[in-house]
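Trainee: Here you go, one structure.
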Amino acid sequence: MARVRLTPELESVVAFDHAGVRLPVRQRRRGAGRRDKLRRMAGEVTREEVWNLRDASFELAEGEALAIVGYPESGRDPLLRLAAGTLVPDEGTVRRRTPVIPVIGVGRALARTYTVRQNIYLVGGLLGMTPEVVAERLPRIVKDAGLEGMADKYLGDTPGRVRGPLAWNIAMATEGRAFAISEAMVVGDPAYQERCWKVIEAKRDEGVSFLVTSDKDPQLLRFCSRALLLDDDRVIADTTVEEALKGLHALPRHKHHTGFVAEELADEDDDELL
Amino acid sequence: MLVQRDLQKQYTKFRLGYLWTIIEPLGMSMVLWFVFTMLLGPRKLGLQPYLLFLSIAILPWWWFTKGIAQSAQVFQKNKNQLRISTLPTELWVLRVLIVTMMEFILSLPVIGLAMLITRTLPGPLIVLYPLGVVVQFMLMYGLALTISSWSVVVPDLARIVRIAMRAMFYLTPVLYAMSNIPERIRPFAALNPVVAPIGLYRIGFWPQEHESATHYAISFALCAIIVVVGIVVFRKLEPRILKEA
C-alpha cells in the first residue's frame, strides 16, 4: 500500500491535468544570507502559502525524456515532486501509471550517523524497494558509488563527495519505469557524470520515461526529445528542447516572482528585531 | 517491513542502555511508592500491593507519553526522508509507536520484579493484558495521527502536548484506582480513553476492579472514536504534511 496511487489503465506514463500546488513561502527562503540564517535560528516560520505551480497539463509517454526548462524558481521542482507524488496537487490532478522515482533531494535523506549499508536500506526503502531487493542490489550500488570496502563505515566517515553518487545509484537501482530527475543530482567529475548520463540514456532506450530539470543546456539537448518551458509558475510552452531553451534565454532574468515581495516585506520586520 | 529497518537502527543505539529501560521505571515506581505509602501514610490510595499496582500502570503510561510526544515532532524530524518517500506517510507515525512499544515490552521485567518483591501472582484474567496492549496501541495510533498531522499546521502543538500529558498523568488512574474516584465523578473519569487499557492491565491482579466495567466500556468506545478521528484528520492533512517537508 503505497501512498502514491497508480492508475494502471492510463495511456501515458504520467498525466498532469491542470495541476497546481501552493507551498509555504518559507520553502523559498532557503537563502544563505545572514538574515536567512538568523531567521532560521530563531525558528521563524512563515505560514503563508503562494502558488508555485498553476494549471500544468501535459502527458509523458513511454520512453520519452521530457526536459523541464525554466529558472530555478519557476516551479520546476514542485513539478517534479508532483510527478513523483511526494507532493499532492491543490488543484487539478496528477495521475501516473507506474511509480515515478523522485531523484531530487535524495542526498538530503541520507543520514550521517548510519552506515553506508543502513543508508542504502533506508533510502532504497523510501524509494520503494523491499529489503530483499535492496540486499540483492546492494553490492552493485556500493561499487557504482565508488564505496567498495566502505559499506559498513558510517556515512559521516566517508568523503563528502561520495554522497551524491550514493544517492544517485540507490535511485537508479530501483529499476523504476519512470524517473523525475533534478540534474543537480548528477554530481562528480566529468567522467563520472558522463557515465550517469550513459546509464539513463540506456534506460531511456529501453522505454523508461524521464522528467529532467537542468541548467546545463547541452545535456538537455542531448538527452531530451521534448521540453516544457516554465515561467512564473506556469507552463508557457510545450515544444522542442531547442525552442524551449531559446525561449528561456529570451525571458527577462530579473523577473523572479511573487515570493520575492513577501520576502522583502518580511525583511522589514526583521530589521526591527535587530 | 521497513519499519523493522528503522527499528533496528534505533536499537543499535539503545541496546547499550538496555538496563536503563529497566532501571528507570523501576526507580520511578520505587520513588512514587515511597512517597505515597511511607510519607503520606497508609491512606487508601490505589490497591494493594501498591508497588505492583503502580508499576503495572506506569510502564504503559510511559510508553503512552513517549510515543505521543515523539509523534508530535515526527514529521519535523524526518523531513528530508519524507521528501523522497513514496511510502505511506502513516509509516512514520507507526514507526514511533512501534519503537516506543518495543521499549515498553522490554521494560516489562520490571513488573516481574515487582511481583517478586511483593510476592503476588496474577489471577486468570491476566490474559487480558495483551488485549490492553492492543487497545493502547490503537488509541495511540489514533491520537498520534491527529497530533502529528496537526502539529505540522500548528508547530506549538508539540509543547502543548507535553503539558497536556503531564496534566493527564494526574487525571488518569495511574497513581490511584478507579474506585478511589468519588462515585459522582467516576463517569467523567471514564471519558479519559487511557482508562480502558489501564483497566485491562490491572484486572489480572485485581479482578474486583471490574465493578468499574461500564466505565471501562465508555473509555473503550472513546478509544475507537479516536482512532477513526485520527485517520480522518490525517487523510485531510496529508497534503499539508508533504508540503512542509
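Note on naming: chains are A, B, ... as they come in the C-alpha cells, residues start from 1 per chain, ligands start from 1 in the order shown.
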Residues of region 141-172 of chain A in alpha helix (DSSP H) according to DSSP, as a ChimeraX atom specification?
Mentor: /A:141-144,163-172
Trainee: Give the residues of chain B that lie within 9 Å of chain A; count only C-alpha atoms, and format the answer as a PyMOL selection string.
Mentor: chain B and resi 1-2+5-6+9+78-90+153+238-240+242-244
Trainee: Please compute the CA of Met28 (chain B)-CA of Leu54 (chain B) distance, one decimal, in Å.
Mentor: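 Between CA of Met28 (chain B) and CA of Leu54 (chain B) the gap is 9.6 Å.
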Trainee: Name the residues of region 137-229 of chain A that fall into strand (DSSP E or B) according to DSSP on the backbone, using the chain letters and numbers of this document, as JSON, numbers by chain.
Mentor: {"A": [154, 178, 179, 180, 181, 182, 209, 210, 211, 212, 213, 226, 227, 228, 229]}
Trainee: For the residues selected in the previous step, produce a file with C-alpha atoms as an mmCIF file, in the first residue's frame.
Mentor:
```
data_model
loop_
_atom_site.group_PDB
_atom_site.id
_atom_site.type_symbol
_atom_site.label_atom_id
_atom_site.label_comp_id
_atom_site.auth_asym_id
_atom_site.auth_seq_id
_atom_site.Cartn_x
_atom_site.Cartn_y
_atom_site.Cartn_z
ATOM 1 C CA TYR A 154 29.385 5.495 8.977
ATOM 2 C CA ALA A 178 9.916 6.438 -14.714
ATOM 3 C CA PHE A 179 12.169 8.971 -13.017
ATOM 4 C CA ALA A 180 11.826 12.604 -12.037
ATOM 5 C CA ILE A 181 15.388 13.863 -12.028
ATOM 6 C CA SER A 182 16.807 17.124 -10.860
ATOM 7 C CA SER A 209 10.461 7.660 -19.074
ATOM 8 C CA PHE A 210 12.175 10.717 -17.655
ATOM 9 C CA LEU A 211 11.374 14.172 -16.434
ATOM 10 C CA VAL A 212 14.570 16.167 -16.175
ATOM 11 C CA THR A 213 15.422 19.622 -14.965
ATOM 12 C CA ARG A 226 10.754 17.430 -25.816
ATOM 13 C CA ALA A 227 10.620 20.295 -23.359
ATOM 14 C CA LEU A 228 8.218 22.251 -21.214
ATOM 15 C CA LEU A 229 9.130 25.867 -20.665
#
```
Trainee: Applying 7 Å and only C-alpha atoms, which residues near region 93-110 of chain B remain after dropping the ones on its own chain fewer than 2 positions away? List them as an mmCIF file with C-alpha atoms, in the first residue's frame.
Mentor:
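Below is the file selection_34.cif, written as the result:
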```
data_model
loop_
_atom_site.group_PDB
_atom_site.id
_atom_site.type_symbol
_atom_site.label_atom_id
_atom_site.label_comp_id
_atom_site.auth_asym_id
_atom_site.auth_seq_id
_atom_site.Cartn_x
_atom_site.Cartn_y
_atom_site.Cartn_z
ATOM 1 C CA VAL B 3 9.688 -0.113 9.966
ATOM 2 C CA LEU B 7 13.704 -0.105 14.369
ATOM 3 C CA THR B 21 14.909 0.740 30.282
ATOM 4 C CA ILE B 22 14.515 -1.366 33.404
ATOM 5 C CA LEU B 26 11.760 0.671 38.461
ATOM 6 C CA LEU B 59 5.118 1.372 32.331
ATOM 7 C CA PRO B 60 2.359 1.657 29.749
ATOM 8 C CA TRP B 63 5.007 4.286 26.566
ATOM 9 C CA LYS B 66 6.855 8.981 24.928
ATOM 10 C CA GLY B 67 5.005 7.771 21.881
ATOM 11 C CA GLN B 70 7.585 11.931 19.800
ATOM 12 C CA SER B 71 4.862 11.637 17.235
ATOM 13 C CA VAL B 74 7.889 13.081 13.791
ATOM 14 C CA GLU B 90 1.485 6.878 8.231
ATOM 15 C CA LEU B 91 4.576 4.691 8.416
ATOM 16 C CA GLY B 112 8.048 -9.356 37.191
ATOM 17 C CA LEU B 113 10.370 -7.819 39.711
ATOM 18 C CA ALA B 114 7.549 -6.018 41.431
ATOM 19 C CA ALA B 144 -0.648 10.162 17.197
ATOM 20 C CA LEU B 145 -2.142 10.566 13.724
#
```
Trainee: For Trp197 (chain A), please output as a list in words all residues within 10 Å (counting only C-alpha atoms; exclusion window: fewer than 6 positions along the same chain).
Mentor: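 Residues meeting the cut-off are Val186, Lys203, Gln219, Arg222 and Phe223 of chain A.
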Trainee: Export N, CA and C atoms of the chosen residues as a compact mmCIF listing (two decimals), in the first residue's frame?
Mentor:
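Result written to result-v2.txt:
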```txt
# COMPACT_ATOMS: atom_id res chain seq x y z
N VAL A 186 23.22 14.93 -10.50
CA VAL A 186 24.35 14.36 -11.22
C VAL A 186 25.59 15.17 -10.88
N LYS A 203 18.64 3.46 -20.22
CA LYS A 203 17.31 3.20 -19.67
C LYS A 203 16.24 3.77 -20.59
N GLN A 219 23.33 19.04 -22.04
CA GLN A 219 22.85 17.74 -21.59
C GLN A 219 21.38 17.56 -21.95
N ARG A 222 20.93 16.89 -25.59
CA ARG A 222 21.36 15.56 -25.97
C ARG A 222 20.37 14.49 -25.51
N PHE A 223 19.85 14.68 -24.28
CA PHE A 223 19.08 13.60 -23.66
C PHE A 223 17.59 13.66 -23.97
```
Trainee: What's the separation between CA of Leu248 (chain A) and CA of Phe58 (chain A), in Å to one decimal place?
Mentor: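 So the answer is 18.7 Å.
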